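Participant: Structure provided below as C-alpha cells; questions to follow.
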Amino acid sequence: MSHLQSILHPAGIEAARISQLWWTMFWICTAVWIAVAVAALIAIRRGHRAAAVHVPDRTIVRNVATAAAISIVALIALLSQSVLIGRALNTLRSDDALRINVTANQWWWDIQYDNPVPSLRVTTANEIHIPVGKPVAFNLFSNDVIHSLWIPNLQGKIDLVPGRRNELWLQADKAGVYRGQCAEYCGLQHAKMALVVVADPPDQFEYWLAANRASAPAPVTPEQQRGKDIVEKGPCAMCHAITGTLAGGRSAPDLTHIASRSTLGAAAIPNMHGYLAGWVSDPQGIKPGNRMPPPGLSGEELQAVLAYLETLK
Amino acid sequence: MSRPNVVARHLVFTFLACVLCVAACEREARRYKELPAAANRETGVRVTALQPGTAQQVAEVDSPYQQNAWGLGEGKRLYSAYNCAGCHGLNGGGAIGPPLMDDKWIYGAKSDQIYATISQGRPDGMPSFGGHIPTSQIWQLVGYVQAMSGQVEATTAPSRNDDQMSALPESRQSRQSPIQTGHR
C-alpha cells in the first residue's frame, strides 16, 4: 500500500511531531474508552442486585475522587502535549533556507523558486521538488479565494489568504513522492486541486533545479515545429508561458517543462500521452469548470501540439 | 369558493412556478464546453450608422451569454486576465483606451459590433483577438462590456467584487443610451 498522503506515515520532523500527538491522543482516548466500557459492563452484570447492597458513603466519595483525579491528569497530559507540540510546530528556521513561493489559484498551484537573479528563478506548477534534510520555507499567497496547503506526510496545513503572505516551514527527512491537497473549500474543483511534492537527495535536487532553469528545447521535427507555431499563435499562449518562446501568458500553469511533471490539471490525471490528448482537447470533460476553455483544435493540430508539448522535458 | 376552483388555482400556481424556474435556468447555466459560432456578420458588420441611399437592416446577433450570469462573470474575469483593464481601466473608466462604462461608442454598441471590435481589432491600439481566444470567450467579453454601461439585465450582471471596489458594481450601473460617436 502506498502512503502518498497519510499523516500516519510522517516523512519529516514536523509531521513526526503531529503524528506523535495523534498517537498520544489515540492511546489516552482508547484507555478512557476501555475504562468506561468496563465500568458499564460491570454495572450491567450487577443489575438489580446492586440496589440491595449498602455502599458506605466513604467508598463512594473515594471512588468519585479517584475517577476525577485520573480524568484531570489525563486531560492535563493531553492539553500540555497539544500545547507543547503546537508551539514546536513551524519553528524550523534557517537563514539560507530554500524559499519557494506558492500561489494558489482556482484550481492549481503556481510554484516559483525565488532567486535575486531573475534568470535563475524557476517557475513551475503543481509539483514541488525539495531537498531532503534541509528546512524549506514556503511563502504562501492566493490570487483569488482562501485556499489551504496540506501535505500530510510532511507538515500540518496552513491557509493561503488573498492579499497576505503566510509562511510554512517543513523538512523532509525521507526521500520520496508525497501528495498534497487544498484543504479549504475553494470552489467547484476544490476536490481536484492537489499537488505532488518530490523530496530528492540534495545533489539530485540541484540537478533538477538546474534543468528547470533552462529554456524550452527547440523543436526538432516539422511536426513539433508546427505544434510550437500553433501554441504560440493560437489560444494557448494567451494564458500559458513557455520560456524561450513567444508564449508568455501568466494566468495559467507554466509549460516550460510540462513533460517532466508527473501529473496534469493539478494532479487530477497522470501525465501520459492519452491523458494529455484528453486534457488538451477536452479540459472541461476532465475537470468541469476549470479555467481552460476547449481550444477547438482539429485532429491534426492536436497531434502537432502533443508532439511539441512532449518535447518540453 | 368551490373546491375545483381551488385545485385549478393551485395548478396555475404550480405551472407559473415551473415557468419561473425554467426561466432562471438560463441565468444559472454553466456552459463550459460550448464553442458558439463567431458573430455571423463579423465580416459584414457595420460599425457606423451612416449608409448611402436607404438603410439596409440586418438581423442583430446577441451575445449567447447576455442572459447568463456565469458567462458575464467569466467575461469580467477575462477582462482582467487578458489585460483589457490595462487600457480601458479596471472598471471601464478608460485610460490609454476609450472608457467603456459611458454612453459613447466609436464602433457601435450592438453585440455583434462589439464582437467585431474585439475580434478584428481597431486602429490606433486595439489589438485583434480573433483566433487568439475562443469564440466563447469573445462572446463572454461582449456581454461584460455591455454590462459595464448597464446594457444587460441588472439581475444577470455581476454584483459586487469579493475585494474592495472603487466603483458601483455592474448590476447597479444605470443604463446608458448608447450614442454612436465614430472615430476622431
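Within each chain, counting starts at residue 1; across the C-alpha cells, chains are named A, B, ... in the order shown, with ligands numbered 1 upward in that order.
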Tell me which protein, DNA and RNA residues are within 6 Å of His88 in chain B, counting only C-alpha atoms, leaving out same-chain ones fewer than 4 positions away, and put them as a list in words.
Facilitator: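 Using only C-alpha atoms, the neighbours found are Gly92, Gly94, Ala95, Gly97, Pro98 and Pro99 of chain B.
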Participant: Please, could you write that set of residues out with C-alpha atoms as a PDB file, in the first residue's frame?
Facilitator:
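Here's the written file selection-v5.pdb:
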```
ATOM      1  CA  GLY B  92     -14.079  50.507 -17.687  1.00  0.00           C
ATOM      2  CA  GLY B  94     -10.873  54.392 -19.632  1.00  0.00           C
ATOM      3  CA  ALA B  95      -7.182  55.263 -19.708  1.00  0.00           C
ATOM      4  CA  GLY B  97      -8.028  53.292 -24.366  1.00  0.00           C
ATOM      5  CA  PRO B  98     -11.561  54.740 -24.504  1.00  0.00           C
ATOM      6  CA  PRO B  99     -13.836  54.321 -21.471  1.00  0.00           C
TER       7      PRO B  99
END
```
Participant: Skip Val152 in chain B itself and residues of its chain fewer than 5 positions away, then list as a list of chain:residue names all residues within 10 Å of it, counting only C-alpha atoms.
Facilitator: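 Using only C-alpha atoms, the neighbours found are B:Gln66, B:Gln67, B:Asn68, B:Leu72, B:Gly143, B:Tyr144, B:Val145, B:Gln146, B:Ala147, B:Ala157, B:Glu170, B:Ser171, B:Gln173, B:Arg175.
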Participant: Output all heavy atoms for every residue in the selection just made, as a short mmCIF file (atom, residue, chain, number, x, y, z; two decimals), in the first residue's frame.
Facilitator:
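To be explicit, this is the file written out as out18.cif:
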```cif
data_model
loop_
_atom_site.label_atom_id
_atom_site.label_comp_id
_atom_site.auth_asym_id
_atom_site.auth_seq_id
_atom_site.Cartn_x
_atom_site.Cartn_y
_atom_site.Cartn_z
N GLN B 66 -25.82 36.86 -22.93
CA GLN B 66 -26.46 38.08 -22.45
C GLN B 66 -27.38 37.84 -21.25
O GLN B 66 -27.51 38.68 -20.39
CB GLN B 66 -27.26 38.71 -23.59
CG GLN B 66 -27.51 40.17 -23.39
CD GLN B 66 -27.03 40.98 -24.57
OE1 GLN B 66 -26.87 40.43 -25.66
NE2 GLN B 66 -26.80 42.25 -24.40
N GLN B 67 -28.01 36.65 -21.21
CA GLN B 67 -28.94 36.33 -20.12
C GLN B 67 -28.30 35.39 -19.12
O GLN B 67 -28.98 34.76 -18.32
CB GLN B 67 -30.20 35.64 -20.67
CG GLN B 67 -30.87 36.37 -21.80
CD GLN B 67 -31.54 37.62 -21.30
OE1 GLN B 67 -32.07 37.66 -20.19
NE2 GLN B 67 -31.51 38.70 -22.10
N ASN B 68 -26.98 35.24 -19.19
CA ASN B 68 -26.33 34.17 -18.45
C ASN B 68 -25.34 34.76 -17.44
O ASN B 68 -24.29 35.30 -17.82
CB ASN B 68 -25.63 33.25 -19.46
CG ASN B 68 -24.99 32.05 -18.80
OD1 ASN B 68 -23.79 31.89 -18.83
ND2 ASN B 68 -25.79 31.22 -18.18
N LEU B 72 -21.37 36.22 -18.03
CA LEU B 72 -20.96 37.61 -17.77
C LEU B 72 -19.87 37.65 -16.70
O LEU B 72 -18.94 38.45 -16.78
CB LEU B 72 -22.17 38.44 -17.33
CG LEU B 72 -23.31 38.55 -18.36
CD1 LEU B 72 -24.42 39.43 -17.83
CD2 LEU B 72 -22.79 39.11 -19.68
N GLY B 143 -20.56 40.41 -23.58
CA GLY B 143 -21.61 40.56 -22.58
C GLY B 143 -21.15 41.44 -21.43
O GLY B 143 -21.88 42.31 -20.95
N TYR B 144 -19.89 41.23 -21.01
CA TYR B 144 -19.40 42.01 -19.87
C TYR B 144 -19.21 43.48 -20.25
O TYR B 144 -19.52 44.39 -19.45
CB TYR B 144 -18.10 41.42 -19.32
CG TYR B 144 -17.58 42.26 -18.18
CD1 TYR B 144 -18.33 42.41 -17.02
CD2 TYR B 144 -16.36 42.93 -18.27
CE1 TYR B 144 -17.89 43.21 -15.98
CE2 TYR B 144 -15.91 43.73 -17.23
CZ TYR B 144 -16.67 43.87 -16.09
OH TYR B 144 -16.25 44.66 -15.07
N VAL B 145 -18.69 43.74 -21.47
CA VAL B 145 -18.51 45.13 -21.91
C VAL B 145 -19.87 45.84 -21.89
O VAL B 145 -19.98 46.99 -21.45
CB VAL B 145 -17.86 45.17 -23.31
CG1 VAL B 145 -17.97 46.55 -23.92
CG2 VAL B 145 -16.41 44.74 -23.23
N GLN B 146 -20.92 45.15 -22.33
CA GLN B 146 -22.25 45.76 -22.29
C GLN B 146 -22.72 45.98 -20.85
O GLN B 146 -23.35 46.98 -20.55
CB GLN B 146 -23.24 44.89 -23.05
CG GLN B 146 -22.98 44.93 -24.55
CD GLN B 146 -23.91 44.02 -25.31
OE1 GLN B 146 -24.21 42.93 -24.84
NE2 GLN B 146 -24.33 44.43 -26.50
N ALA B 147 -22.35 45.03 -19.97
CA ALA B 147 -22.77 45.16 -18.57
C ALA B 147 -22.16 46.40 -17.93
O ALA B 147 -22.78 47.01 -17.04
CB ALA B 147 -22.38 43.92 -17.78
N ALA B 157 -26.21 40.82 -14.44
CA ALA B 157 -24.88 41.44 -14.43
C ALA B 157 -24.15 41.11 -13.14
O ALA B 157 -24.79 40.84 -12.12
CB ALA B 157 -25.01 42.95 -14.58
N GLU B 170 -21.44 46.29 -11.52
CA GLU B 170 -22.08 46.37 -12.83
C GLU B 170 -23.59 46.27 -12.73
O GLU B 170 -24.33 46.89 -13.50
CB GLU B 170 -21.54 45.27 -13.76
CG GLU B 170 -20.10 45.45 -14.18
CD GLU B 170 -19.10 45.09 -13.09
OE1 GLU B 170 -19.53 44.59 -12.03
OE2 GLU B 170 -17.90 45.31 -13.28
N SER B 171 -24.06 45.47 -11.74
CA SER B 171 -25.51 45.27 -11.65
C SER B 171 -26.22 46.55 -11.21
O SER B 171 -27.44 46.64 -11.29
CB SER B 171 -25.81 44.15 -10.65
OG SER B 171 -25.27 44.48 -9.40
N GLN B 173 -25.10 49.68 -12.29
CA GLN B 173 -24.84 50.75 -13.25
C GLN B 173 -26.16 51.20 -13.87
O GLN B 173 -26.99 50.37 -14.23
CB GLN B 173 -23.91 50.27 -14.37
CG GLN B 173 -22.48 50.04 -13.95
CD GLN B 173 -21.77 51.30 -13.54
OE1 GLN B 173 -22.22 52.40 -13.84
NE2 GLN B 173 -20.67 51.15 -12.82
N ARG B 175 -28.52 52.38 -16.78
CA ARG B 175 -28.50 52.02 -18.20
C ARG B 175 -28.26 53.27 -19.04
O ARG B 175 -29.04 54.22 -18.98
CB ARG B 175 -29.82 51.37 -18.58
CG ARG B 175 -29.90 50.94 -20.03
CD ARG B 175 -31.25 50.36 -20.34
NE ARG B 175 -31.35 48.99 -19.85
CZ ARG B 175 -31.18 47.92 -20.63
NH1 ARG B 175 -30.92 48.05 -21.90
NH2 ARG B 175 -31.28 46.72 -20.12
#
```
Participant: Could you tell me which residues of chain B sit within 7 Å of chain A when counting only C-alpha atoms, and give me the result as a list of chain:residue names?
Facilitator: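 Residues passing the distance filter: B:Tyr32, B:Lys33, B:Ala81, B:Gly131, B:His132, B:Ile133, B:Pro134.
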Participant: Would you compute the distance between CA of Lys104 in chain B and CA of Ile179 in chain B? Give it in Å to one decimal.
Facilitator: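 Between CA of Lys104 in chain B and CA of Ile179 in chain B the gap works out to 5.0 Å.
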Participant: Fewer than 2 positions away in the same chain doesn't count, so skip those; otherwise give me all residues within 12 Å of Gly125 in chain B, counting only C-alpha atoms, as JSON, numbers by chain.
Facilitator: {"B": [84, 86, 87, 88, 96, 97, 98, 117, 118, 120, 121, 122, 123, 127, 128]}
Participant: Taking only range 45-264 of chain A into account, list the residues labelled alpha helix (DSSP H) by DSSP (computed from the backbone), as a ChimeraX atom specification.
Facilitator: /A:45-46,49-52,57-88,202-213,222-233
Participant: Got time to write the residues from that selection, C-alpha atoms, as a tab-separated table (two decimals), in the first residue's frame?
Facilitator:
```
chain	number	residue	atom	x	y	z
A	45	ARG	CA	-23.72	-7.54	35.19
A	46	ARG	CA	-24.62	-6.46	38.69
A	49	ARG	CA	-28.61	-6.90	42.89
A	50	ALA	CA	-26.62	-3.69	43.35
A	51	ALA	CA	-29.62	-1.79	44.68
A	52	ALA	CA	-29.82	-4.16	47.68
A	57	ASP	CA	-20.59	6.96	51.79
A	58	ARG	CA	-16.80	6.98	52.25
A	59	THR	CA	-16.34	4.42	49.49
A	60	ILE	CA	-18.48	6.45	47.07
A	61	VAL	CA	-16.54	9.63	47.82
A	62	ARG	CA	-13.23	7.77	47.38
A	63	ASN	CA	-14.27	6.25	44.03
A	64	VAL	CA	-15.51	9.58	42.63
A	65	ALA	CA	-12.36	11.39	43.79
A	66	THR	CA	-10.12	8.74	42.18
A	67	ALA	CA	-12.01	8.95	38.87
A	68	ALA	CA	-11.89	12.76	38.89
A	69	ALA	CA	-8.14	12.73	39.62
A	70	ILE	CA	-7.43	10.28	36.79
A	71	SER	CA	-9.55	12.39	34.39
A	72	ILE	CA	-7.77	15.59	35.37
A	73	VAL	CA	-4.34	14.01	34.93
A	74	ALA	CA	-5.29	12.58	31.52
A	75	LEU	CA	-6.77	15.87	30.33
A	76	ILE	CA	-3.75	17.84	31.51
A	77	ALA	CA	-1.45	15.35	29.79
A	78	LEU	CA	-3.39	15.77	26.53
A	79	LEU	CA	-3.55	19.54	26.84
A	80	SER	CA	0.13	20.00	27.65
A	81	GLN	CA	1.17	17.64	24.85
A	82	SER	CA	-1.05	19.58	22.45
A	83	VAL	CA	0.27	22.98	23.58
A	84	LEU	CA	3.90	21.88	23.51
A	85	ILE	CA	3.65	20.34	20.05
A	86	GLY	CA	1.63	23.29	18.78
A	87	ARG	CA	4.43	25.60	19.90
A	88	ALA	CA	7.14	23.39	18.46
A	202	PRO	CA	20.31	17.25	-2.29
A	203	ASP	CA	22.54	16.57	-5.33
A	204	GLN	CA	19.58	15.27	-7.31
A	205	PHE	CA	17.60	18.34	-6.28
A	206	GLU	CA	20.35	20.66	-7.55
A	207	TYR	CA	20.32	18.76	-10.83
A	208	TRP	CA	16.54	19.18	-11.11
A	209	LEU	CA	16.79	22.91	-10.34
A	210	ALA	CA	19.49	23.44	-12.96
A	211	ALA	CA	17.50	21.50	-15.57
A	212	ASN	CA	14.42	23.61	-14.85
A	213	ARG	CA	16.31	26.87	-15.24
A	222	PRO	CA	8.49	19.53	-38.64
A	223	GLU	CA	5.50	18.26	-36.67
A	224	GLN	CA	6.95	19.59	-33.41
A	225	GLN	CA	7.67	22.91	-35.14
A	226	ARG	CA	4.06	23.06	-36.31
A	227	GLY	CA	2.92	22.33	-32.77
A	228	LYS	CA	5.06	25.19	-31.46
A	229	ASP	CA	3.55	27.54	-34.07
A	230	ILE	CA	0.03	26.59	-33.01
A	231	VAL	CA	0.87	27.08	-29.32
A	232	GLU	CA	2.45	30.47	-29.97
A	233	LYS	CA	-0.14	31.80	-32.42
```
Participant: Do you know which residues are at most 6 Å from Phe141 in chain A counting only C-alpha atoms, after dropping those on the same chain fewer than 5 positions away, and could you put them as a list in words?
Facilitator: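 Near neighbours after the sequence-gap exclusion: Thr103, Leu160 and Arg165 of chain A.
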Participant: Let's have the selection written as a PDB file, in the first residue's frame, with C-alpha atoms.
Facilitator:
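Writing the result to again_11.pdb gives the following:
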```
ATOM      1  CA  THR A 103       0.494  30.919  -5.127  1.00  0.00           C
ATOM      2  CA  LEU A 160      -3.322  30.816   1.668  1.00  0.00           C
ATOM      3  CA  ARG A 165       1.721  36.235   2.910  1.00  0.00           C
TER       4      ARG A 165
END
```
